[in-house]
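Step one of this worksheet: look at the structure below.
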Amino acid sequence: MAALSLLMILISAAVIPGIISITKAKLSGRKGITLFQPLKDILRLFRKGSVYSTTASLIFQITPTIHFAGIALALLFLPFSGGAGLLSFSGDFLFFAYLLAFTKFMLIINAMDTGSGFEGMGANREALYSMLVEPAFFTIMASLVLLTGYASFQEIYNNVHFGDSSLSYLFAAVSIYLLVQIAMVENSRLPVDDPRTHLELTMVHEVMVLDNSGFDLGLIMTGNAFKFAIYGNLIANFLLPQSFSLATNVIIYLVVQVLFAVIIGSLESFRARNKIANNPQFIITLSSIALLLFFSVLIITHKLILE
Amino acid sequence: MASMESVVFVGISIVSILVLLIPRRSQYYFSLFLHVFLSLIGFLWAVRSLLEGGTKIFPMIDGVTYLPTLTIDSLSAFFVFLISFGMLTGILFAGGYLKPYRKKMSSLELGIHHLAFIWLHISMLMVAVLREGTFFLLAWEMMSVSSFVLILFEAGKTETRLIALNYLIQMHVGFVLIMGAMMYVQSLGYAFGFDGLAGYFSQQPILPLFMVFFIGFGIKAGFVPLHTWLPHAHPAAPSHVSGVMSGVMIKMGIYGLLRVLTYIHTDLYAIGLIILGVSMFSGLMGVMNAITQHDIKKLLAYHSIENIGIIGMGIGAGLLGVALNAPILAALAFSGGILHILNHSLFKSLLFYGAGSVYQATHTRNVEQLGGLMKSMPKTAFLFLLGSLSICGLPPFNGFISEFLIYMGLFKGLGLDIWYLDLSMLASILGLTLIGGLAIFCFTKVFSITFLGSPRSPKASHAKEVADDMILSKVLVGVLIVAIGLFPNIFVQWVAQVTALYVPDITPIENALPTLMKVGIAGGVFIVISLLLLWVRSRQQKQVVVDYGPTWGCGYTGANPAVHQYTATSYAHNFTELVGPLVGTKTHYKQIAEEEIFPQQRHFETHSFDVFEQALIDKPAQLMRSTSNRHESFQTGKLTHYLIYVFAFLVLVFLLTYFQIL
């Protein structure tokens, strides 16, 4: 099951960037790329040579690899269809979240090592945004723990389907909404960051990796694709009860991942970008919505009784 | 048998005075020798208590009644280990750090410094093992005085002298509170010292006396708002001292608090909430203030406050668990808090030694003048990075383990059927998350600005790697940091013994051990994957063309990293804008007026200040000074005026008596 889970994530990661790109192209009336073009781009990067800045030190050379290693390890924590990931223990979501924070740390010092003002700016914004978005994720997890009484990905997802089902699904809907928004922030997409922007001054994530090339850039881009698949997986698992057959779950999973990519593509097509100064407000709003989620769980579980 | 080593201990205390008399060259080795012995005695006590368990009570020297009795339980043993290890790495680091001063300072000056360092070691060990009031207070006072002398190392600077004085005064405020609390207990007929507290707390009101102890010990530990001495004293002291002070000495405040808590068995709900609330506040304020600092050691000092907050959150949440009969919350959060004491002492001393190495190599602590040290001091840089990663609580290093335990306790605390407890658990979880995120923000800043990019001043470009013994002490600490991260079980089992003093049921910790093993394994897998990928990468790099060139300037060919790279101020700016008045920043800049057609040359300067220091220390002190200044006019220095005052006073007394008001 764990191996299958890994395989499913890899498949989704391979197609998600393509689907997002195609969706955006279709919605804006362009022809668009083929599905596997992003994958081919990455594969070509792995064969390419590199150019390094003379300002940069050893840190610049090793951090993209460690960044990627962290994201790759995070994949092993993800559950699938009621089964546990390769690594699963009580509190695994903490390790997972802190691991992703670790990868952020690596990418930030990678950018700062080049001594470029632009990259410093991007790194700084990324550090701020990922710090602000973390409480939202933890509030969702706290609500799930409160609702189910368990503290690992597998147990949480297995138990969120039981009990008073209608309320649980209502709850899942809000969680999914939040997870999509968090995914947009964490993956540096609209409205916080625009991957298509041409001006370095307005970039966040893209400007951080301006100096990376060849193998390192390939790893960073693979990591980005993986991160999309990770959030897609977290969302999909809400809809994969153990009671369904495995084949059904595989299909649901892939459909959800594709839908997730399409949603991101369409959100990006119809949404304007925030003013940079308003980004913190936007991100903190996600935490407040997550807090509402927590309160609703308190009410659902009859702990907080409103007179 | 039990007191064999304490005879050596007494011997060392007496012999230590000789350090004043011997020549400069051998002073360091003499004091190293004594420190090694003291540490060995400490390790012996700690290991013996770990293996045999229970409480050991033995006289310092058999048959000598005027010397105190030593009492070692698992809590004492834990702190004794912390002290011994911290002091050992401290003195190793001092070897390289003090070398440049050996030419500048007289043998007496250096001797006093060494003597104070030895006595800091002795007094901290004594604080951890003495229970009787007089001797405990004596040891506590010795600890404050010796650290005061240590801060005064560079006494030639007026600033240092003022800071040391500030430290001494604040420590004595704490001392008076602790002594007063103990004397009050004695006045009610209980024993003087910790032993009397058992009786007091079982019969008398708990909260008021606890609060006195909390403030008294809290000044040492540095809980906000009692922390104001800390960000000044740490930067002023030489780095081996600040490493030890931050890593070990402020923990003695936590020790005192924990020792008092062993005697309290009721009212734990209120006490837990107080500690949890104060700690969360300390954690957040500490890290927020840290972000705005540009003095690398001041920044680390604020992080000490943050970590004291995390420790306190673990303890506070654990006490809540005990009070509400939630064994998992109690055991996990409490043991997380205790383990974080050890963890913080490790990574903080590592970071302070790193900062000290940077200071020695560049002669500046201002990060705005540093940069690019990764190339000239790679060993120091990598060890500093290790410290930064572990202080941020990132896996697979030790900081993660203790934060993981606290988090697990908090998440398990959610299951209880009390909604306001759920809310306080959520608040703590979010507090811890924010502290973690802010720490990452802060350490990406300080690491990048100090070690990456290109040098910002000639001081930084001429830096050279520091001596090997300084690296060695850092490696020793680093090994333990990684060991705790990869093999948490061993250490958590040890910590469980301490937790058992407070938490009736520690089976949740035993149940959590398999989970912790998996955390360790996951950390190991992470390291393996990283190494494997790095190997693949090195293979790939051999096959392709690798070229070097200037950093991409986004089309601007005049881009020069030395001028255009990000600074610490700009890195912190978007955060300081966000939190506004919580961290004080002062800007010195005169706006250009509209009628000013040809603007004059201008200077722009910002600096940060501590909001609490301003409100609690500076403002009252200023008020006092201005009030007394206002009354200065009475003091004319003329005899006739003074005679008039006396006369006026007599008239007043007469009138008051006459009209029968008095």
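If you're wondering about the labels, chains in the structure tokens are A, B, ... by order shown, residues count from 1 in each chain, ligands from 1 in order shown.
Residues within 7 Å of Ala74 (chain A), counting only C-alpha atoms and excluding same-chain residues fewer than 4 positions away, are Gly70, Phe96 and Leu99 of chain A.
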How would the residues just picked look written out with C-alpha atoms as a JSON list (two decimals), in the first residue's frame?
```
[["chain", "number", "residue", "atom", "x", "y", "z"],
["A", 70, "GLY", "CA", 13.40, 16.94, 2.45],
["A", 96, "PHE", "CA", 6.05, 16.48, 7.97],
["A", 99, "LEU", "CA", 10.46, 18.93, 7.34]]
```
### Task
For region 45-60 of chain A, work out the shell of residues within 10 Å, counting only C-alpha atoms and skipping chain neighbours fewer than 4 positions away, then give it as a ChimeraX atom specification.
/A:39-41,64-65,106-107,109-116,211-219,221 /B:372-375,378,381-382,451-455,537,540-552,560-562
Using C-alpha atoms, can you export the residues from the last selection as a short mmCIF file (atom, residue, chain, number, x, y, z; two decimals), in the first residue's frame?
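File produced: selection36.cif:
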```
data_model
loop_
_atom_site.label_atom_id
_atom_site.label_comp_id
_atom_site.auth_asym_id
_atom_site.auth_seq_id
_atom_site.Cartn_x
_atom_site.Cartn_y
_atom_site.Cartn_z
CA LEU A 39 8.52 16.89 -17.15
CA LYS A 40 10.68 16.95 -20.27
CA ASP A 41 12.02 20.36 -19.29
CA PRO A 64 19.07 22.61 -3.44
CA THR A 65 19.86 18.94 -2.99
CA MET A 106 17.54 25.56 2.81
CA LEU A 107 16.04 27.39 -0.14
CA ILE A 109 19.90 30.43 2.54
CA ASN A 110 20.48 29.20 -1.00
CA ALA A 111 19.07 32.45 -2.32
CA MET A 112 20.87 34.61 0.22
CA ASP A 113 24.19 33.05 -0.71
CA THR A 114 24.25 34.65 -4.14
CA GLY A 115 24.52 38.15 -2.66
CA SER A 116 21.85 39.41 -5.02
CA ASP A 211 20.90 31.89 -10.09
CA ASN A 212 20.28 28.18 -9.92
CA SER A 213 20.89 26.27 -13.07
CA GLY A 214 21.22 22.76 -14.44
CA PHE A 215 20.92 19.92 -11.95
CA ASP A 216 20.04 22.16 -9.03
CA LEU A 217 17.27 23.94 -10.89
CA GLY A 218 15.97 20.57 -12.00
CA LEU A 219 15.77 19.44 -8.38
CA MET A 221 11.43 22.29 -10.09
CA GLY B 372 30.85 36.01 3.26
CA LEU B 373 32.44 34.27 6.24
CA MET B 374 31.39 30.91 4.84
CA LYS B 375 34.42 31.01 2.61
CA PRO B 378 33.79 27.16 6.84
CA ALA B 381 29.93 28.46 9.60
CA PHE B 382 28.75 24.87 9.33
CA PHE B 451 28.16 33.88 6.64
CA LEU B 452 26.76 34.17 3.13
CA GLY B 453 26.97 36.65 0.31
CA SER B 454 30.03 38.82 0.17
CA PRO B 455 31.82 40.72 2.97
CA ARG B 537 24.90 15.31 -7.88
CA GLN B 540 26.48 14.50 -12.55
CA GLN B 541 28.70 17.54 -12.09
CA LYS B 542 31.72 15.60 -13.29
CA GLN B 543 30.04 14.81 -16.57
CA VAL B 544 28.84 18.26 -17.51
CA VAL B 545 30.41 21.66 -18.08
CA VAL B 546 30.54 23.73 -14.91
CA ASP B 547 31.15 27.42 -15.29
CA TYR B 548 31.57 30.32 -12.87
CA GLY B 549 30.49 33.90 -13.31
CA PRO B 550 29.09 36.89 -11.46
CA THR B 551 25.68 36.74 -9.80
CA TRP B 552 22.86 37.44 -12.25
CA ASN B 560 27.86 44.33 -7.15
CA PRO B 561 27.00 41.92 -4.34
CA ALA B 562 29.10 43.83 -1.84
#
```
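If you look at CA of Glu5 (chain B) and CA of His240 (chain B), they are 26.5 Å away from each other.
Counting from CA of Gln27 (chain B), the distance to CA of Leu472 (chain B) is 20.2 Å.
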### Task
Within 7 Å of region 392-403 of chain B, counting only C-alpha atoms, which residues show up once you throw out same-chain ones fewer than 4 positions away? Write them as a list in words, please.
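So the residues in contact are Tyr98, Leu99 and Phe102 of chain A; Gly336, Gly337, Leu339, His340, Asn343, Ser388, Tyr407, Gly436, Ala439, Ile440, Ile481, Val482, Ile484, Gly485, Leu486, Pro488 and Gly523 of chain B.
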Hey, can you spit out that residue selection with N, CA and C atoms as a PDB file, in the first residue's frame?
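This went into result_17.pdb:
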```pdb
ATOM      1  N   TYR A  98       7.446  20.248   9.838  1.00  0.00           N
ATOM      2  CA  TYR A  98       8.764  20.802  10.159  1.00  0.00           C
ATOM      3  C   TYR A  98       9.782  20.445   9.084  1.00  0.00           C
ATOM      4  N   LEU A  99       9.569  19.299   8.440  1.00  0.00           N
ATOM      5  CA  LEU A  99      10.458  18.926   7.340  1.00  0.00           C
ATOM      6  C   LEU A  99      10.312  19.919   6.194  1.00  0.00           C
ATOM      7  N   PHE A 102      12.058  22.924   7.056  1.00  0.00           N
ATOM      8  CA  PHE A 102      13.495  22.709   6.840  1.00  0.00           C
ATOM      9  C   PHE A 102      13.860  22.999   5.384  1.00  0.00           C
TER      10      PHE A 102
ATOM     11  N   GLY B 336       8.959  17.066  27.575  1.00  0.00           N
ATOM     12  CA  GLY B 336       9.437  17.912  26.484  1.00  0.00           C
ATOM     13  C   GLY B 336      10.094  19.168  27.022  1.00  0.00           C
ATOM     14  N   GLY B 337       9.445  19.772  28.027  1.00  0.00           N
ATOM     15  CA  GLY B 337      10.004  20.981  28.634  1.00  0.00           C
ATOM     16  C   GLY B 337      11.367  20.712  29.258  1.00  0.00           C
ATOM     17  N   LEU B 339      13.451  18.227  28.557  1.00  0.00           N
ATOM     18  CA  LEU B 339      14.455  17.917  27.538  1.00  0.00           C
ATOM     19  C   LEU B 339      14.913  19.189  26.832  1.00  0.00           C
ATOM     20  N   HIS B 340      13.987  20.132  26.703  1.00  0.00           N
ATOM     21  CA  HIS B 340      14.366  21.376  26.023  1.00  0.00           C
ATOM     22  C   HIS B 340      15.400  22.160  26.839  1.00  0.00           C
ATOM     23  N   ASN B 343      18.484  20.631  25.610  1.00  0.00           N
ATOM     24  CA  ASN B 343      18.680  20.987  24.208  1.00  0.00           C
ATOM     25  C   ASN B 343      19.105  22.434  24.045  1.00  0.00           C
ATOM     26  N   SER B 388      21.819  26.713  14.281  1.00  0.00           N
ATOM     27  CA  SER B 388      20.642  27.448  13.820  1.00  0.00           C
ATOM     28  C   SER B 388      19.500  26.495  13.497  1.00  0.00           C
ATOM     29  N   TYR B 407       4.531  19.410  21.616  1.00  0.00           N
ATOM     30  CA  TYR B 407       3.418  19.403  20.669  1.00  0.00           C
ATOM     31  C   TYR B 407       2.519  18.193  20.900  1.00  0.00           C
ATOM     32  N   GLY B 436       8.286  28.931  16.293  1.00  0.00           N
ATOM     33  CA  GLY B 436       9.134  28.177  15.372  1.00  0.00           C
ATOM     34  C   GLY B 436       9.331  28.915  14.057  1.00  0.00           C
ATOM     35  N   ALA B 439      11.495  31.904  14.514  1.00  0.00           N
ATOM     36  CA  ALA B 439      12.892  31.521  14.716  1.00  0.00           C
ATOM     37  C   ALA B 439      13.547  31.230  13.368  1.00  0.00           C
ATOM     38  N   ILE B 440      12.802  30.579  12.477  1.00  0.00           N
ATOM     39  CA  ILE B 440      13.363  30.311  11.145  1.00  0.00           C
ATOM     40  C   ILE B 440      13.635  31.633  10.436  1.00  0.00           C
ATOM     41  N   ILE B 481      24.143  17.227  19.888  1.00  0.00           N
ATOM     42  CA  ILE B 481      22.934  17.731  19.232  1.00  0.00           C
ATOM     43  C   ILE B 481      22.403  16.709  18.233  1.00  0.00           C
ATOM     44  N   VAL B 482      23.315  16.166  17.419  1.00  0.00           N
ATOM     45  CA  VAL B 482      22.880  15.186  16.431  1.00  0.00           C
ATOM     46  C   VAL B 482      22.455  13.897  17.122  1.00  0.00           C
ATOM     47  N   ILE B 484      21.105  13.427  20.070  1.00  0.00           N
ATOM     48  CA  ILE B 484      19.750  13.516  20.638  1.00  0.00           C
ATOM     49  C   ILE B 484      18.720  13.470  19.517  1.00  0.00           C
ATOM     50  N   GLY B 485      19.058  14.088  18.371  1.00  0.00           N
ATOM     51  CA  GLY B 485      18.119  14.086  17.263  1.00  0.00           C
ATOM     52  C   GLY B 485      17.898  12.697  16.679  1.00  0.00           C
ATOM     53  N   LEU B 486      18.969  11.894  16.632  1.00  0.00           N
ATOM     54  CA  LEU B 486      18.838  10.587  15.981  1.00  0.00           C
ATOM     55  C   LEU B 486      18.497   9.468  16.959  1.00  0.00           C
ATOM     56  N   PRO B 488      16.678   9.710  20.143  1.00  0.00           N
ATOM     57  CA  PRO B 488      15.992  10.430  21.227  1.00  0.00           C
ATOM     58  C   PRO B 488      15.633   9.532  22.401  1.00  0.00           C
ATOM     59  N   GLY B 523      14.652  10.783  10.790  1.00  0.00           N
ATOM     60  CA  GLY B 523      15.770  11.719  10.706  1.00  0.00           C
ATOM     61  C   GLY B 523      16.960  11.074  10.014  1.00  0.00           C
TER      62      GLY B 523
END
```
### Task
Skip Asn237 (chain A) itself and residues of its chain fewer than 3 positions away, then list as a PyMOL selection string all residues within 7 Å of it, counting only C-alpha atoms.
chain A and resi 80-81+157+233-234+240
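Between Phe294 (chain A) and the candidates A:Val250, A:Ile276, A:Ile176, A:Met141, the tightest atom-to-atom separation, counting only C-alpha atoms, involves A:Met141.
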#### Entry: Close residues, Pro79 (chain A) itself excluded, 7 Å, only C-alpha atoms, min 6 positions apart in chain, as number ranges by chain
A: 5, 85, 153-154
### Task
Can you pull out every residue within 8 Å of region 279-293 of chain A, counting only C-alpha atoms, but drop anything in the same chain fewer than 5 positions away, and send it as a PyMOL selection string?
chain A and resi 129+132-133+135-137+139-140+143+171+174-175+178+181-182+185+192+274
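The two atoms in question, CA of Phe659 (chain B) and CA of Tyr645 (chain B), are spaced 21.1 Å apart.
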### Task
Write out as number ranges by chain each polymer residue whose atoms come within 8 Å of Pro327 (chain B), counting only C-alpha atoms; drop sequence neighbours fewer than 2 positions from it.
B: 321-322, 325, 329-331, 503, 505-506, 508
Just to be explicit: take each residue in the selection above, keep N, CA and C atoms, and write the result as an mmCIF file, in the first residue's frame.
```
data_model
loop_
_atom_site.group_PDB
_atom_site.id
_atom_site.type_symbol
_atom_site.label_atom_id
_atom_site.label_comp_id
_atom_site.auth_asym_id
_atom_site.auth_seq_id
_atom_site.Cartn_x
_atom_site.Cartn_y
_atom_site.Cartn_z
ATOM 1 N N GLY B 321 -1.793 19.374 32.858
ATOM 2 C CA GLY B 321 -2.143 17.959 32.691
ATOM 3 C C GLY B 321 -2.244 17.253 34.028
ATOM 4 N N VAL B 322 -1.291 17.546 34.931
ATOM 5 C CA VAL B 322 -1.332 16.914 36.250
ATOM 6 C C VAL B 322 -2.597 17.350 36.986
ATOM 7 N N ASN B 325 -5.701 15.790 35.581
ATOM 8 C CA ASN B 325 -5.668 14.345 35.493
ATOM 9 C C ASN B 325 -5.635 13.848 34.050
ATOM 10 N N LEU B 329 -0.971 14.358 28.393
ATOM 11 C CA LEU B 329 -0.573 15.767 28.333
ATOM 12 C C LEU B 329 0.507 16.035 29.369
ATOM 13 N N ALA B 330 0.261 15.562 30.611
ATOM 14 C CA ALA B 330 1.197 15.842 31.691
ATOM 15 C C ALA B 330 2.580 15.281 31.378
ATOM 16 N N ALA B 331 2.619 13.995 31.053
ATOM 17 C CA ALA B 331 3.923 13.336 30.905
ATOM 18 C C ALA B 331 4.686 13.867 29.703
ATOM 19 N N VAL B 503 5.033 14.155 37.739
ATOM 20 C CA VAL B 503 3.897 13.520 37.094
ATOM 21 C C VAL B 503 3.727 12.134 37.690
ATOM 22 N N ASP B 505 2.136 9.553 36.725
ATOM 23 C CA ASP B 505 2.100 8.391 35.835
ATOM 24 C C ASP B 505 2.944 8.685 34.602
ATOM 25 N N ILE B 506 4.090 8.018 34.476
ATOM 26 C CA ILE B 506 4.929 8.319 33.318
ATOM 27 C C ILE B 506 4.853 7.226 32.247
ATOM 28 N N PRO B 508 2.865 7.123 29.755
ATOM 29 C CA PRO B 508 2.756 7.697 28.406
ATOM 30 C C PRO B 508 4.116 7.917 27.748
#
```
### Task
Could you tell me, as number ranges by chain, which residues of region 123-260 of chain A DSSP assigns to helix (DSSP H, G or I) when given the backbone?
A: 123-148, 153-159, 165-186, 200-202, 205-208, 214-239, 246-260
